[in-house]
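Colleague: This is structure_24.csv, which holds CSV, C-alpha atoms:
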chain,number,residue,atom,x,y,z
Y,241,MET,CA,84.5,75.6,127.3
Y,242,LEU,CA,88.0,74.6,126.3
Y,243,SER,CA,90.0,72.8,129.0
Y,244,LEU,CA,93.0,74.3,130.7
Y,245,GLU,CA,95.2,71.6,129.2
Y,246,TYR,CA,93.9,72.4,125.7
Y,247,MET,CA,94.5,76.1,126.2
Y,248,GLN,CA,98.1,75.5,127.3
Y,249,MET,CA,98.6,73.2,124.3
Y,250,LEU,CA,97.3,75.9,121.9
Y,251,ARG,CA,99.6,78.5,123.5
Y,252,GLU,CA,102.6,76.1,123.0
Y,253,LYS,CA,101.7,75.5,119.4
Y,254,LEU,CA,101.2,79.2,118.8
Y,255,ARG,CA,104.8,79.8,120.1
Y,256,SER,CA,106.1,77.6,117.3
Y,257,VAL,CA,104.1,79.4,114.6
Y,258,PRO,CA,106.2,81.9,112.5
Y,259,ILE,CA,103.5,84.6,113.0
Y,260,SER,CA,105.3,87.2,110.9
Y,261,GLU,CA,105.3,84.8,107.9
Y,262,LEU,CA,101.5,84.3,107.9
Y,263,CYS,CA,99.9,86.1,104.9
Y,264,LEU,CA,96.9,88.3,105.7
Y,265,PRO,CA,94.8,90.4,103.3
Y,266,GLU,CA,95.5,94.0,102.4
Y,267,GLU,CA,99.1,94.0,103.4
Y,268,MET,CA,98.3,93.4,107.0
Y,269,LYS,CA,100.8,91.8,109.4
Y,270,LEU,CA,99.7,89.6,112.3
Y,271,VAL,CA,101.3,90.8,115.5
Y,272,TRP,CA,99.9,88.2,117.9
Y,273,LEU,CA,97.3,85.6,118.3
Y,274,GLN,CA,96.4,84.2,121.7
Y,275,PHE,CA,93.7,82.2,123.4
Y,276,GLY,CA,93.4,82.8,127.2
Y,277,SER,CA,91.3,81.9,130.2
Y,278,THR,CA,91.0,83.0,133.8
Y,279,GLU,CA,91.6,79.3,134.7
Y,280,ASP,CA,95.1,79.4,133.1
Y,281,PRO,CA,97.7,80.8,135.6
Y,282,THR,CA,100.2,81.2,132.8
Y,283,PHE,CA,97.9,83.6,130.8
Y,284,GLU,CA,98.8,87.2,131.7
Y,285,VAL,CA,97.0,90.3,130.6
Y,286,TYR,CA,98.7,93.7,130.9
Y,287,SER,CA,96.5,96.1,132.9
Y,288,GLY,CA,98.4,99.3,132.7
Y,289,LEU,CA,97.2,102.2,130.4
Y,290,HIS,CA,99.0,101.8,127.1
Y,291,SER,CA,98.6,102.2,123.3
Y,292,HIS,CA,100.3,100.8,120.3
Y,293,ALA,CA,100.6,101.4,116.5
Y,294,PHE,CA,98.5,98.3,115.6
Y,295,CYS,CA,94.9,97.1,115.9
Y,296,GLU,CA,94.1,94.9,118.9
Y,297,VAL,CA,91.0,92.7,118.8
Y,298,GLN,CA,89.6,91.1,122.0
Y,299,MET,CA,86.8,88.5,121.6
Y,300,SER,CA,84.8,86.8,124.4
Y,301,LEU,CA,84.2,83.2,123.6
Y,302,PHE,CA,82.8,82.6,127.1
Y,303,GLY,CA,82.2,84.9,130.0
Y,304,GLU,CA,83.0,88.6,130.2
Y,305,PHE,CA,85.8,91.1,130.7
Y,306,SER,CA,86.4,94.8,130.4
Y,307,TYR,CA,88.7,97.3,128.9
Y,308,ALA,CA,88.8,101.0,129.5
Y,309,ASP,CA,89.5,104.2,127.5
Y,310,GLY,CA,91.0,106.1,130.5
Y,311,ASN,CA,88.3,105.7,133.1
Y,312,GLN,CA,85.3,104.7,130.9
Y,313,PRO,CA,84.8,100.9,131.1
Y,314,ILE,CA,83.8,98.9,128.0
Y,315,ARG,CA,82.3,95.6,129.1
Y,316,ILE,CA,82.7,92.7,126.6
Y,317,CYS,CA,80.2,89.9,127.2
Y,318,ASN,CA,79.9,86.4,125.8
Y,319,GLY,CA,79.7,86.5,122.0
Y,320,GLN,CA,81.0,90.0,121.7
Y,321,GLY,CA,84.3,91.5,120.6
Y,322,LEU,CA,86.1,94.8,120.7
Y,323,LEU,CA,88.5,96.3,118.1
Y,324,ILE,CA,90.9,98.8,119.6
Y,325,ALA,CA,92.2,101.2,117.0
Y,326,PRO,CA,95.9,102.0,116.6
Y,327,GLY,CA,97.0,104.8,119.0
Y,328,ALA,CA,93.9,104.4,121.3
Y,329,ALA,CA,95.0,104.4,124.9
Y,330,HIS,CA,93.4,101.5,126.8
Y,331,ARG,CA,93.8,99.2,129.7
Y,332,TYR,CA,92.4,95.8,130.8
Y,333,ILE,CA,90.1,95.8,133.8
Y,334,HIS,CA,90.0,92.6,135.9
Y,335,LEU,CA,86.5,91.4,136.7
Y,336,ASP,CA,85.8,88.6,139.1
Y,337,THR,CA,84.3,86.4,136.4
Y,338,ASP,CA,85.6,83.5,134.4
Y,339,TYR,CA,86.2,84.1,130.7
Y,340,LEU,CA,87.7,82.5,127.7
Y,341,LYS,CA,88.9,84.9,125.1
Y,342,CYS,CA,90.7,85.1,121.8
Y,343,SER,CA,93.0,88.0,121.3
Y,344,LEU,CA,94.7,89.0,118.1
Y,345,ALA,CA,96.5,92.1,116.8
Y,346,PHE,CA,97.4,93.1,113.3
Y,347,SER,CA,99.2,96.1,111.8
Y,348,VAL,CA,98.4,98.0,108.6
Y,349,GLU,CA,100.5,100.5,106.7
Y,350,ILE,CA,100.3,103.9,108.4
Y,351,GLY,CA,98.7,106.4,106.1
Y,352,SER,CA,96.9,103.8,104.0
Y,353,ASP,CA,93.2,104.0,103.4
Y,354,LEU,CA,92.5,101.1,105.7
Y,355,TYR,CA,94.6,102.7,108.5
Y,356,GLN,CA,92.6,105.9,108.1
Y,357,ARG,CA,89.3,104.0,108.3
Y,358,LEU,CA,90.5,102.0,111.3
Y,359,THR,CA,91.6,105.1,113.3
Y,360,MET,CA,88.3,107.1,112.8
Y,361,GLN,CA,86.9,105.5,116.0
Y,362,LYS,CA,89.0,104.4,119.0
Y,363,PHE,CA,86.8,101.5,120.1
Y,364,ARG,CA,84.3,99.4,118.1
Y,365,ARG,CA,82.2,96.6,119.5
Y,366,PHE,CA,81.0,93.8,117.3
Y,367,ASP,CA,79.0,90.6,117.7
Y,368,ILE,CA,80.7,87.3,117.0
Y,369,CYS,CA,78.8,85.9,114.1
Y,370,ASN,CA,78.7,82.3,112.7
Y,371,ARG,CA,81.3,83.2,110.0
Y,372,LEU,CA,83.7,84.5,112.7
Y,373,THR,CA,83.1,81.4,114.8
Y,374,SER,CA,83.9,79.2,111.7
Y,375,ALA,CA,87.1,81.2,111.0
Y,376,LEU,CA,88.3,80.7,114.6
Y,377,ASP,CA,87.4,77.0,114.4
Y,378,ALA,CA,89.7,76.8,111.3
Y,379,VAL,CA,92.5,78.5,113.3
Y,380,LEU,CA,92.1,76.0,116.1
Y,381,LYS,CA,92.1,73.1,113.5
Y,382,GLY,CA,95.3,74.5,112.0
Y,383,LEU,CA,96.9,74.6,115.5
Y,384,LYS,CA,95.7,71.1,116.5
Y,385,GLU,CA,97.3,69.7,113.3
Y,386,ASP,CA,101.1,69.4,113.0
Y,387,LEU,CA,101.2,72.9,111.4
Y,388,SER,CA,102.3,71.4,108.1
Y,389,SER,CA,99.0,73.1,107.2
Y,390,LYS,CA,100.1,76.7,107.5
Y,391,THR,CA,97.5,77.5,104.8
Y,392,ILE,CA,94.6,76.4,107.0
Y,393,LEU,CA,95.9,78.7,109.8
Y,394,GLU,CA,96.4,81.6,107.3
Y,395,GLN,CA,93.0,81.2,105.8
Y,396,GLY,CA,91.3,81.0,109.2
Y,397,ILE,CA,93.1,84.1,110.6
Y,398,SER,CA,92.5,86.1,107.3
Y,399,GLN,CA,88.8,85.2,107.3
Y,400,ALA,CA,88.5,86.1,111.0
Y,401,VAL,CA,90.1,89.6,110.4
Y,402,GLU,CA,87.9,90.2,107.3
Y,403,VAL,CA,84.7,89.2,109.1
Y,404,ILE,CA,85.6,91.5,112.1
Y,405,LEU,CA,86.3,94.4,109.8
Y,406,LYS,CA,83.0,93.8,108.0
Y,407,GLN,CA,81.2,93.6,111.3
Y,408,ILE,CA,82.4,97.1,112.2
Y,409,GLY,CA,81.6,98.5,108.8
Y,410,ILE,CA,85.1,98.5,107.2
Y,411,PRO,CA,84.9,95.9,104.4
Y,412,LEU,CA,88.1,95.1,102.6
Y,413,SER,CA,86.4,94.8,99.2
Y,414,GLU,CA,83.1,95.6,97.5
Y,415,LYS,CA,82.1,92.0,97.7
Y,416,ALA,CA,82.6,92.0,101.4
Y,417,ALA,CA,80.5,95.2,101.8
Y,418,GLN,CA,77.2,93.3,102.3
Y,419,PRO,CA,76.2,93.3,106.0
Y,420,VAL,CA,76.3,90.0,107.9
Y,421,PRO,CA,72.7,88.8,108.0
Y,422,GLU,CA,70.9,88.8,111.4
Y,423,ASP,CA,70.3,85.0,111.2
Y,424,GLU,CA,74.1,84.4,110.9
Y,425,ARG,CA,74.9,86.3,114.1
Y,426,VAL,CA,75.6,84.3,117.3
Y,427,ALA,CA,73.3,85.3,120.2
What does this structure look like when you write it as C-alpha cells?

Modeller:
Amino acid sequence: MLSLEYMQMLREKLRSVPISELCLPEEMKLVWLQFGSTEDPTFEVYSGLHSHAFCEVQMSLFGEFSYADGNQPIRICNGQGLLIAPGAAHRYIHLDTDYLKCSLAFSVEIGSDLYQRLTMQKFRRFDICNRLTSALDAVLKGLKEDLSSKTILEQGISQAVEVILKQIGIPLSEKAAQPVPEDERVA
C-alpha cells in the first residue's frame, strides 16, 4: 500500500497539474483526479446525496468502500471500480475499513453518442484489469517526475479512461471493442 507521505505528495503534485489542459480521447475533459486513503486526514469525501453533469469513477486499489443510489448500497471491494453516470444521484457511505482509492471524473459533450451510452445505466461495476493497473502506474510515474512529462500523464489517464469504458462495454473505437481477456484481469 502507498504510504501516507507518498499519498500527500501525490495530492500536492496533482494540485500543480493543469487538469483542464490535459487531452483525453473523444473530446472528454478531465474534471478531477485524486488518490485517497483512510490513513490521510486531509483526504475528504463528500457523503451527502448529490449528482453532477459528469462521469465519476471510483476505484479500490486496496480495501473497500461503498456508495449508494439513494438507500441501496453498492460495495466496492479491492480490485473493483464503479462508474457513476452523469446525473445519477449518489452518496459515499463510510465503512470502518481501511482503503486506498483512485477517483477520477471526466465530462463528455451532452447529447453526444458517448454521453447517451454512458447515461443508459446509472452505476456500472468493473474489475480493475492489468491494463488499467498499468495505466494508473503511468499516471503515478508522470506525477513522481517533474511534470515536464505532461505526455506521460495524459497517456496514462487516457488509457485508464479507455480501459474503464471498455470494461463496462462502451468502447471508444472498433479496435477497442474486444473484451479484456480473463487472464488479464486482476483478481

Colleague: Just the residues within 9 Å of Ile324 of chain Y, please, counting all atoms listed in the file, with nothing from its chain fewer than 4 positions along; format it as an MDAnalysis selection string.

Modeller: chainID Y and resid 294:298 328:330 358:359 361:365

Colleague: Just want the 10 Å neighbourhood of Tyr332 of chain Y, counted on all atoms listed in the file, with same-chain residues fewer than 6 positions away dropped. Output as a PDB file with C-alpha atoms, in the coordinates of the input.

Modeller:
ATOM      1  CA  VAL Y 285      97.000  90.300 130.600  1.00  0.00           C
ATOM      2  CA  TYR Y 286      98.700  93.700 130.900  1.00  0.00           C
ATOM      3  CA  SER Y 287      96.500  96.100 132.900  1.00  0.00           C
ATOM      4  CA  GLY Y 288      98.400  99.300 132.700  1.00  0.00           C
ATOM      5  CA  LEU Y 289      97.200 102.200 130.400  1.00  0.00           C
ATOM      6  CA  HIS Y 290      99.000 101.800 127.100  1.00  0.00           C
ATOM      7  CA  PHE Y 305      85.800  91.100 130.700  1.00  0.00           C
ATOM      8  CA  SER Y 306      86.400  94.800 130.400  1.00  0.00           C
ATOM      9  CA  TYR Y 307      88.700  97.300 128.900  1.00  0.00           C
ATOM     10  CA  ALA Y 308      88.800 101.000 129.500  1.00  0.00           C
ATOM     11  CA  ASP Y 309      89.500 104.200 127.500  1.00  0.00           C
ATOM     12  CA  PRO Y 313      84.800 100.900 131.100  1.00  0.00           C
ATOM     13  CA  ILE Y 314      83.800  98.900 128.000  1.00  0.00           C
TER      14      ILE Y 314
END

Colleague: Quick one: residues within 9 Å of Leu393 of chain Y, all atoms listed in the file, excluding same-chain residues fewer than 2 positions away - as a ChimeraX atom specification?

Modeller: /Y:262,378-383,387,389-391,395-398

Colleague: In Å, how far is it from atom CA of Leu335 of chain Y to atom CA of Arg315 of chain Y?

Modeller: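 Between these atoms lies a distance of 9.6 Å.
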
Colleague: So that I can check the surroundings of Ile350 of chain Y, please list as a PDB file with C-alpha atoms, keeping the file's coordinate frame every protein, DNA and RNA residue that reaches within 10 Å of it, counting only C-alpha atoms and ignoring chain neighbours fewer than 4 positions away.

Modeller:
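Now in result11.pdb:
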ATOM      1  CA  ALA Y 293     100.600 101.400 116.500  1.00  0.00           C
ATOM      2  CA  PHE Y 294      98.500  98.300 115.600  1.00  0.00           C
ATOM      3  CA  PRO Y 326      95.900 102.000 116.600  1.00  0.00           C
ATOM      4  CA  LEU Y 354      92.500 101.100 105.700  1.00  0.00           C
ATOM      5  CA  TYR Y 355      94.600 102.700 108.500  1.00  0.00           C
ATOM      6  CA  GLN Y 356      92.600 105.900 108.100  1.00  0.00           C
TER       7      GLN Y 356
END

Colleague: Would you please work out which residue, of Y:Leu340, Y:Ala325, Y:Leu273, Y:Leu254, is nearest to Ala400 of chain Y when using only C-alpha atoms?

Modeller: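 That would be Y:Leu273, the residue with the smallest distance to Ala400 of chain Y.
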
Colleague: Distance atom CA of Gly319 of chain Y-atom CA of Glu349 of chain Y, one decimal place?

Modeller: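 One can read the atom CA of Gly319 of chain Y to atom CA of Glu349 of chain Y distance as 29.4 Å.
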
Colleague: Counting all atoms listed in the file, which of Y:Met249, Y:Leu301, Y:Leu412, Y:Cys369 gets nearest to Lys341 of chain Y?

Modeller: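 Result for the nearest residue to Lys341 of chain Y: Y:Leu301.
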
Colleague: Of the candidates Y:Val348, Y:Cys342, Y:Val403, Y:Ile410, which one gets nearest to Asn370 of chain Y if we count all atoms listed in the file?

Modeller: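 Checking each of Y:Val348, Y:Cys342, Y:Val403, Y:Ile410 against Asn370 of chain Y, counting all atoms listed in the file, the winner is Y:Val403.
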
Colleague: Give the answer as one residue: which of Y:Ser347, Y:Asn311, Y:Gln399, Y:Thr337 has the shortest atom-to-atom distance to Trp272 of chain Y, using all atoms listed in the file?

Modeller: Y:Ser347

Colleague: Return the single residue from Y:Leu323, Y:Ile333, Y:Ala375, Y:Val401 that is closest to Met268 of chain Y, with distances computed using all atoms listed in the file.

Modeller: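 Closest residue, counting all atoms listed in the file: Y:Val401.
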